[in-house]
Amino acid sequence: MVVIGSISQPFQKEKKICSKDASLLCLQRIKKIQRYLTDEKIGGVIAVNGIDSRYNPDCRHFINFILFGCSLYKTGNFSKYFDIDTDEVVMIIKPCKVELYVTHMQMNNILPFLTKVHDLQIHCIDSNISSDENIVEDHKVYSFISMTQGIEVIAVPFSSDAHSFDPMAIEKWPLLQAYALEDYGSQGFFGLSHKLVPFDFEKLHIFRDFDLGSVKHLLKDTSMLLNFQWNTMIKNVSNMIKNGSLDSCLDKAIDPVASYLKHGNQINSSHDDTFFLLENHAVTGKPLFITCSVKESPSSLSCGRTYFIHENIDSSDLVLLSSIYDAMAATAHRTIQRYLSTQNESKLAQYFSKKFTEKLGTYKYPQLINFKASSVKINVILEAYDVKGNKVKEFSSPKSSMKVFGVSISNICSLQNTKIVYKPLVFQDTFFESHILIENDDVSANDSELLIVTDVIPTYVQWNHFGEPSEDAVPCSLICNDVNTYEAMFRLENNTIAITSSYSTPLQIRINDLKEIRIKKSGSIAVAVYMEHASNCLPPFLKRFCLVFWQRGKGIRFSSDTLLPLFREYNIPESMESLPSDFLLRYENIVSVKTNDVSNPNSSDDGRLIESAYPTYPVFASHMMLSSLGSHTYNQIDVNPTMRADVPDPFIFVTLLIGIPGSNQEKICSIVTEGTKQDHHFIVLRQPLGSEELFSALNLQKALHMLSKRGNDPIRVMVIVSAYVEVPEVVSAIVQHPDKFVRQSCHVSSICSCVDLRNLFVSNRTCFPKIVEQCSEGWVNNIIVTGCSPTKQKGKDDRINFLRTINPSCRIIEVEGNNFIDKDSLDEICAVDAFYESTLPTSRHLTAPGWFTLKYKPNPPFIPISYLTVSFSGELCKARFMSHLKSLHQKEGRVYVDRLMMSGSIFYVGGRTKFSDDSNLYTLECTPRSEAISLNLFNKPLPPGSKNCFVFTGYKITEEQVKHWLQGCAPKPPAKKEKYTKFSLSAQEKEMLKVQASREQLPEGWFYNGSHYVSMMEGKKMEHPLFDDIVNRFLEMKNKEIELFNQKIDATKDSSLFGS
């Protein structure tokens, strides 16, 4: 098999290999694949890495593409960037979930990339048994069988450019051969149990569309390298102009860019759009300007610029050419913005021509009075390209392609000699766009963001050889009406400002011509002086500019001691307001570059490196992440936190405690309310015991509606959610309340996820359902952990590190055995604005697309959780009940068969009950996995008619099973008594009956002689003559009592705990 291409440079090269964007990008790519699987009705796409797939390169590229945000089309050495062994990784992406097999050694390296993925099931063996290779291999095969169970159609990564798809070749993979072994249940041949189809890299748009990963790669590994070579070319041209050798050595001047295009790309290709043209004067032969146009291969990143040589152009023609170029550059950006808002490319040429004429008409240069814009010929292009640099014919998917907008203006005649026609001026930019729909106070509107990739390439350069600077010149940085910054020299000559630079027209501005100045100071680092002037002797892009004086070179002292006082003498309007927005952003950027030295090309911090070159990149990146999810509506505050809706201030502040059943939410609630009772009075809302569901959005909304009628005084509410639900379900119920007044009155203050460390994993490293989702970054502000046993410090640290990996940005609060939370942690839990101060609002929409408009439908738990509520009127035996609870915990058998995952396993028991030997009412919580049992007195009044009630959650549990279990906890009824006979009488009873008989009157003819009863007819007896009658009467009485007793027992058996 032939490798189809390798990997682009990853996000981080240091030990901290997973940046905050990497997990979002991994989630974004997985969701695209899941949408494709749903549309094509494919059960899943599986990738087996390493020897178990015979080192299949397509699987390796697929896993690298998903996990590390790498490109499938950029060749390179992947191993030198990551010290991650992925040979044992098995991944299957299903339409509704992701399953991953990893070893415990890979867990900490790979998990950070998947922290945003909901419905993630990890198959990972515990480290304490990982030394047995046979157990590890068995676990891997059983995990693979579990991952593929129930899937009819399975896709396998494949590249049609490399080879043809052969299912029989896949059947030879060792892991698939083990699938059929009798030792593992003899599932049969994999290809017979499942239909195998290709998942073709070359044909699927998923791998051709641009996403944030491919955009970031283009910015760092292509655009910035091109920019570096481009600036080297500009310096070469400047040196050759000084030497007067440009016309004969142009090839040497452009060699940096030409060499980069020829040798710096892995795939060599030639483009007709790449050229460097030197325009020479028709009479003198001196070079006038250079037209540069580049299309980089293979990405098709394009850039076009026209640079002028100031000394060689007639002043009137220089004004003409620079004005036309300035107008075309400004109009090009305006046209791109027009396309961004209309998404219609058909009339862009007409729009450009109109706005170009208008822009050129705003320049009030005397040389342009007789010039007619209609005399020039304008050519406008707009093209789209995919990741591989292939032209996209249809603009149907604007979010996933790179756009190139270019314009050339030809037929420009010299003002001095109309017979001289200059070569075309060229301007071309490459850009990305992003579009989403936002909602602000029930009003929806389109929102878009733009990132111009070639902004880093200098737009304006007018080479000028001004000789050696004078001794009184002060070095400074010149920020023009451009995206670039030029190093310059500043000096004062007879009340005239003189600014000289090798790359700009010399500025000679009288102080009297200054219209406004603005001052911006950055401590002792730099001072920015923004100027606007009324001089008509300079090109349009120098109509306003900003000078930055640095501490080095005594620039700050010069500006403070000399320059600013001089401006005040001439009464120049001085403003301490901030610089204009377009200048302010670039000023802050160059200050950051100077102070942090992020311009070093060897810097490992890719994020800072890109942001230093593209200050708007962070905003665009978040925007593009949202737009990639499809047509969803987003909250204005999440898109732009500075834009708050004009609504009344909320007065109901909601703190949310969420966790799966058995996470000690009630105990944490008691600790928080007790610890903050001097500062806050919380109203606690919880789902009533005995409800049909663990969480009801309708019940919560009804409770908030009742609270909203209590007036406008601030109300603190704590909502306890103990259910297998996701945070977006609860938050949506609050922020999207059907009543507008209640919706505006409620404010989600903070969200805390409650986790019992002993109840974190259901087996090995597989978490209980929804725990990962309930700790998701961007949603949760605090994770409150209980079950912290000091005697098992290693296990505790491992679990806390696992949670910290899932959500590295939140605070983890430990509740020790003494049920204490410190003051700082309590303040974090009770914070008012913690939820909306999150730095990752984009994560909310990525992990739960459509949550803001109630369109997000979470998938059911990967383990089918049964939820049963059982009410009963009888009482339980406390001793038998506690014994039954302790017996619920079952130890694990073989490593790959967890008995807790067997049918009928109970995960949680909670509720209230009375005991037969105690008149008090108790509340109970029991989690068999952790062997934790909490039994507390319940002192609150109950509604009339309330019964004992328990909630059970588990795996495939039934009501019959639960009732049978509870019946076994009832008091054991007494046994039935047998009927009395003469032989049943005890010696004591016989003596009693003899005494009773002695008191009876003797029958006629009988007398007692002191030792015997004597009758003349019947002789003598030791017993009373009526003794048998007395015994029979006694037996009859006793048997009647026994019969009544037995009847009561029979009646008790029939009624049981649950009534008759």
# chains A, B, ... in the order shown; residues from 1 in each chain; ligands from 1
$ residues_around --residues "Phe835 (chain A)" --least-positions-apart "2" --cutoff "8 Å" --atoms "only C-alpha atoms" --output "list in words"
Val748, Ser749, Ser750, Ile751, Trp779, Val780, Asn781, Asp833, Glu837 and Ser838 of chain A
$ select_by_dssp --residues "region 369-533 of chain A" --states "strand (DSSP E)" --output "PyMOL selection string"
chain A and resi 377-385+391-392+402-410+412-413+421-422+425-440+443-452+462-463+474-479+485-492+496-501+504-510+514-522+526-533
$ residues_around --residues "Glu152 (chain A)" --least-positions-apart "2" --cutoff "12 Å" --atoms "only C-alpha atoms" --output "ChimeraX atom specification"
/A:41-45,94,148-150,154-155,190-197
$ residues_around --residues "region 97-104 of chain A" --least-positions-apart "5" --cutoff "7 Å" --atoms "only C-alpha atoms" --output "number ranges by chain"
A: 88-92, 119-127, 147
$ write_last_selection --atoms "N, CA, C and O atoms" --output "PDB file, in the first residue's frame"
ATOM      1  N   GLU A  88      -1.313   0.966  19.405  1.00  0.00           N
ATOM      2  CA  GLU A  88      -2.322   0.113  20.028  1.00  0.00           C
ATOM      3  C   GLU A  88      -3.718   0.732  19.984  1.00  0.00           C
ATOM      4  O   GLU A  88      -4.648   0.181  20.569  1.00  0.00           O
ATOM      5  N   VAL A  89      -3.874   1.851  19.320  1.00  0.00           N
ATOM      6  CA  VAL A  89      -5.151   2.564  19.329  1.00  0.00           C
ATOM      7  C   VAL A  89      -6.132   1.904  18.361  1.00  0.00           C
ATOM      8  O   VAL A  89      -5.792   1.597  17.224  1.00  0.00           O
ATOM      9  N   VAL A  90      -7.360   1.692  18.846  1.00  0.00           N
ATOM     10  CA  VAL A  90      -8.467   1.245  18.000  1.00  0.00           C
ATOM     11  C   VAL A  90      -9.605   2.236  18.213  1.00  0.00           C
ATOM     12  O   VAL A  90     -10.032   2.447  19.351  1.00  0.00           O
ATOM     13  N   MET A  91     -10.062   2.866  17.149  1.00  0.00           N
ATOM     14  CA  MET A  91     -11.122   3.876  17.255  1.00  0.00           C
ATOM     15  C   MET A  91     -12.270   3.521  16.322  1.00  0.00           C
ATOM     16  O   MET A  91     -12.042   3.101  15.182  1.00  0.00           O
ATOM     17  N   ILE A  92     -13.476   3.678  16.811  1.00  0.00           N
ATOM     18  CA  ILE A  92     -14.654   3.544  15.970  1.00  0.00           C
ATOM     19  C   ILE A  92     -15.563   4.731  16.237  1.00  0.00           C
ATOM     20  O   ILE A  92     -15.892   5.034  17.385  1.00  0.00           O
ATOM     21  N   ASP A 119     -20.589  11.406  24.722  1.00  0.00           N
ATOM     22  CA  ASP A 119     -20.877   9.997  24.435  1.00  0.00           C
ATOM     23  C   ASP A 119     -19.609   9.276  24.001  1.00  0.00           C
ATOM     24  O   ASP A 119     -19.573   8.576  22.990  1.00  0.00           O
ATOM     25  N   LEU A 120     -18.563   9.502  24.786  1.00  0.00           N
ATOM     26  CA  LEU A 120     -17.283   8.847  24.549  1.00  0.00           C
ATOM     27  C   LEU A 120     -17.162   7.648  25.482  1.00  0.00           C
ATOM     28  O   LEU A 120     -17.345   7.783  26.692  1.00  0.00           O
ATOM     29  N   GLN A 121     -16.884   6.494  24.924  1.00  0.00           N
ATOM     30  CA  GLN A 121     -16.678   5.284  25.725  1.00  0.00           C
ATOM     31  C   GLN A 121     -15.251   4.805  25.507  1.00  0.00           C
ATOM     32  O   GLN A 121     -14.848   4.519  24.383  1.00  0.00           O
ATOM     33  N   ILE A 122     -14.491   4.736  26.593  1.00  0.00           N
ATOM     34  CA  ILE A 122     -13.077   4.363  26.527  1.00  0.00           C
ATOM     35  C   ILE A 122     -12.906   2.951  27.069  1.00  0.00           C
ATOM     36  O   ILE A 122     -13.395   2.625  28.156  1.00  0.00           O
ATOM     37  N   HIS A 123     -12.216   2.136  26.321  1.00  0.00           N
ATOM     38  CA  HIS A 123     -11.879   0.787  26.754  1.00  0.00           C
ATOM     39  C   HIS A 123     -10.395   0.803  27.120  1.00  0.00           C
ATOM     40  O   HIS A 123      -9.526   0.826  26.239  1.00  0.00           O
ATOM     41  N   CYS A 124     -10.128   0.789  28.412  1.00  0.00           N
ATOM     42  CA  CYS A 124      -8.740   0.889  28.886  1.00  0.00           C
ATOM     43  C   CYS A 124      -8.595   0.036  30.129  1.00  0.00           C
ATOM     44  O   CYS A 124      -9.385   0.153  31.064  1.00  0.00           O
ATOM     45  N   ILE A 125      -7.595  -0.811  30.142  1.00  0.00           N
ATOM     46  CA  ILE A 125      -7.389  -1.724  31.266  1.00  0.00           C
ATOM     47  C   ILE A 125      -6.704  -0.989  32.405  1.00  0.00           C
ATOM     48  O   ILE A 125      -5.956  -0.030  32.197  1.00  0.00           O
ATOM     49  N   ASP A 126      -6.977  -1.417  33.628  1.00  0.00           N
ATOM     50  CA  ASP A 126      -6.344  -0.800  34.791  1.00  0.00           C
ATOM     51  C   ASP A 126      -4.853  -1.086  34.805  1.00  0.00           C
ATOM     52  O   ASP A 126      -4.396  -2.162  34.385  1.00  0.00           O
ATOM     53  N   SER A 127      -4.108  -0.120  35.323  1.00  0.00           N
ATOM     54  CA  SER A 127      -2.647  -0.245  35.308  1.00  0.00           C
ATOM     55  C   SER A 127      -2.150  -1.371  36.206  1.00  0.00           C
ATOM     56  O   SER A 127      -1.095  -1.955  35.961  1.00  0.00           O
ATOM     57  N   MET A 147     -17.107  -3.122  20.689  1.00  0.00           N
ATOM     58  CA  MET A 147     -17.192  -1.890  19.897  1.00  0.00           C
ATOM     59  C   MET A 147     -17.943  -2.104  18.592  1.00  0.00           C
ATOM     60  O   MET A 147     -18.630  -1.198  18.104  1.00  0.00           O
TER      61      MET A 147
END
$ closest_residue --among "A:Asp326, A:Arg799, A:Cys767, A:Ile783" --to "Ile813 (chain A)" --atoms "only C-alpha atoms"
A:Ile783
$ residues_around --residues "region 923-933 of chain A" --least-positions-apart "4" --cutoff "8 Å" --atoms "only C-alpha atoms" --output "PyMOL selection string"
chain A and resi 662+758-759+762+885-886+888-890+900+906-913+937-938
$ select_by_dssp --residues "region 663-796 of chain A" --states "alpha helix (DSSP H)" --output "mmCIF file with C-alpha atoms, in the first residue's frame"
data_model
loop_
_atom_site.group_PDB
_atom_site.id
_atom_site.type_symbol
_atom_site.label_atom_id
_atom_site.label_comp_id
_atom_site.auth_asym_id
_atom_site.auth_seq_id
_atom_site.Cartn_x
_atom_site.Cartn_y
_atom_site.Cartn_z
ATOM 1 C CA GLN A 665 -25.469 16.445 45.850
ATOM 2 C CA GLU A 666 -27.654 16.679 48.958
ATOM 3 C CA LYS A 667 -24.656 16.548 51.288
ATOM 4 C CA ILE A 668 -22.826 19.189 49.245
ATOM 5 C CA CYS A 669 -25.941 21.363 49.210
ATOM 6 C CA SER A 670 -26.148 21.181 52.998
ATOM 7 C CA ILE A 671 -22.473 22.108 53.389
ATOM 8 C CA VAL A 672 -22.803 25.076 51.011
ATOM 9 C CA THR A 673 -26.059 26.438 52.447
ATOM 10 C CA GLU A 674 -24.789 26.053 56.005
ATOM 11 C CA GLY A 675 -21.401 27.583 55.247
ATOM 12 C CA ALA A 697 -37.546 20.598 32.700
ATOM 13 C CA LEU A 698 -41.262 21.384 33.043
ATOM 14 C CA ASN A 699 -41.186 21.085 36.856
ATOM 15 C CA LEU A 700 -38.121 23.329 37.030
ATOM 16 C CA GLN A 701 -39.756 25.949 34.812
ATOM 17 C CA LYS A 702 -42.913 25.894 36.945
ATOM 18 C CA ALA A 703 -40.845 26.446 40.102
ATOM 19 C CA LEU A 704 -38.955 29.380 38.539
ATOM 20 C CA HIS A 705 -42.249 30.872 37.361
ATOM 21 C CA MET A 706 -43.560 30.787 40.943
ATOM 22 C CA LEU A 707 -40.384 32.432 42.237
ATOM 23 C CA VAL A 727 -25.788 20.202 31.522
ATOM 24 C CA PRO A 728 -27.266 21.792 28.335
ATOM 25 C CA GLU A 729 -30.614 20.153 29.042
ATOM 26 C CA VAL A 730 -30.832 21.895 32.422
ATOM 27 C CA VAL A 731 -29.412 25.235 31.281
ATOM 28 C CA SER A 732 -31.747 25.335 28.270
ATOM 29 C CA ALA A 733 -34.725 24.854 30.555
ATOM 30 C CA ILE A 734 -33.663 28.008 32.430
ATOM 31 C CA VAL A 735 -32.369 30.403 29.769
ATOM 32 C CA LYS A 740 -40.226 35.982 28.511
ATOM 33 C CA PHE A 741 -40.377 37.743 31.895
ATOM 34 C CA VAL A 742 -39.124 34.654 33.719
ATOM 35 C CA ARG A 743 -36.440 34.166 31.051
ATOM 36 C CA GLN A 744 -35.178 37.710 31.587
ATOM 37 C CA SER A 745 -35.434 37.399 35.376
ATOM 38 C CA ILE A 771 -20.085 11.857 33.902
ATOM 39 C CA VAL A 772 -17.766 13.163 31.177
ATOM 40 C CA GLU A 773 -20.578 15.298 29.746
ATOM 41 C CA GLN A 774 -21.422 16.686 33.191
ATOM 42 C CA GLN A 793 -3.970 8.611 47.830
ATOM 43 C CA LYS A 794 -2.681 7.164 44.551
ATOM 44 C CA GLY A 795 -6.126 6.107 43.355
ATOM 45 C CA LYS A 796 -7.530 9.466 44.411
#
$ closest_residue --among "A:His61, A:Asp255, A:Lys140, A:Trp230" --to "Pro157 (chain A)" --atoms "only C-alpha atoms"
A:His61
$ closest_residue --among "A:Ser502, A:Asn280, A:Thr562, A:Asn635" --to "Pro849 (chain A)" --atoms "only C-alpha atoms"
A:Asn635
$ atom_distance --atom1 "CA of Ile652 (chain A)" --atom2 "CA of Lys709 (chain A)"
10.8 Å
$ residues_around --residues "Leu1035 (chain A)" --least-positions-apart "2" --cutoff "9 Å" --atoms "only C-alpha atoms" --output "PyMOL selection string"
chain A and resi 979-982+985+1030-1033+1037-1040
$ write_last_selection --atoms "C-alpha atoms" --output "PDB file, in the first residue's frame"
ATOM      1  CA  LYS A 979     -52.800 -27.313  67.239  1.00  0.00           C
ATOM      2  CA  TYR A 980     -52.605 -28.617  70.807  1.00  0.00           C
ATOM      3  CA  THR A 981     -53.140 -32.310  71.639  1.00  0.00           C
ATOM      4  CA  LYS A 982     -52.865 -34.216  74.906  1.00  0.00           C
ATOM      5  CA  LEU A 985     -49.166 -30.469  76.968  1.00  0.00           C
ATOM      6  CA  ILE A1030     -60.925 -30.265  81.720  1.00  0.00           C
ATOM      7  CA  VAL A1031     -58.057 -31.125  79.348  1.00  0.00           C
ATOM      8  CA  ASN A1032     -60.382 -31.165  76.340  1.00  0.00           C
ATOM      9  CA  ARG A1033     -61.834 -27.803  77.313  1.00  0.00           C
ATOM     10  CA  MET A1037     -59.551 -22.959  74.062  1.00  0.00           C
ATOM     11  CA  LYS A1038     -55.898 -23.081  73.075  1.00  0.00           C
ATOM     12  CA  ASN A1039     -56.637 -24.297  69.555  1.00  0.00           C
ATOM     13  CA  LYS A1040     -59.095 -21.435  69.047  1.00  0.00           C
TER      14      LYS A1040
END
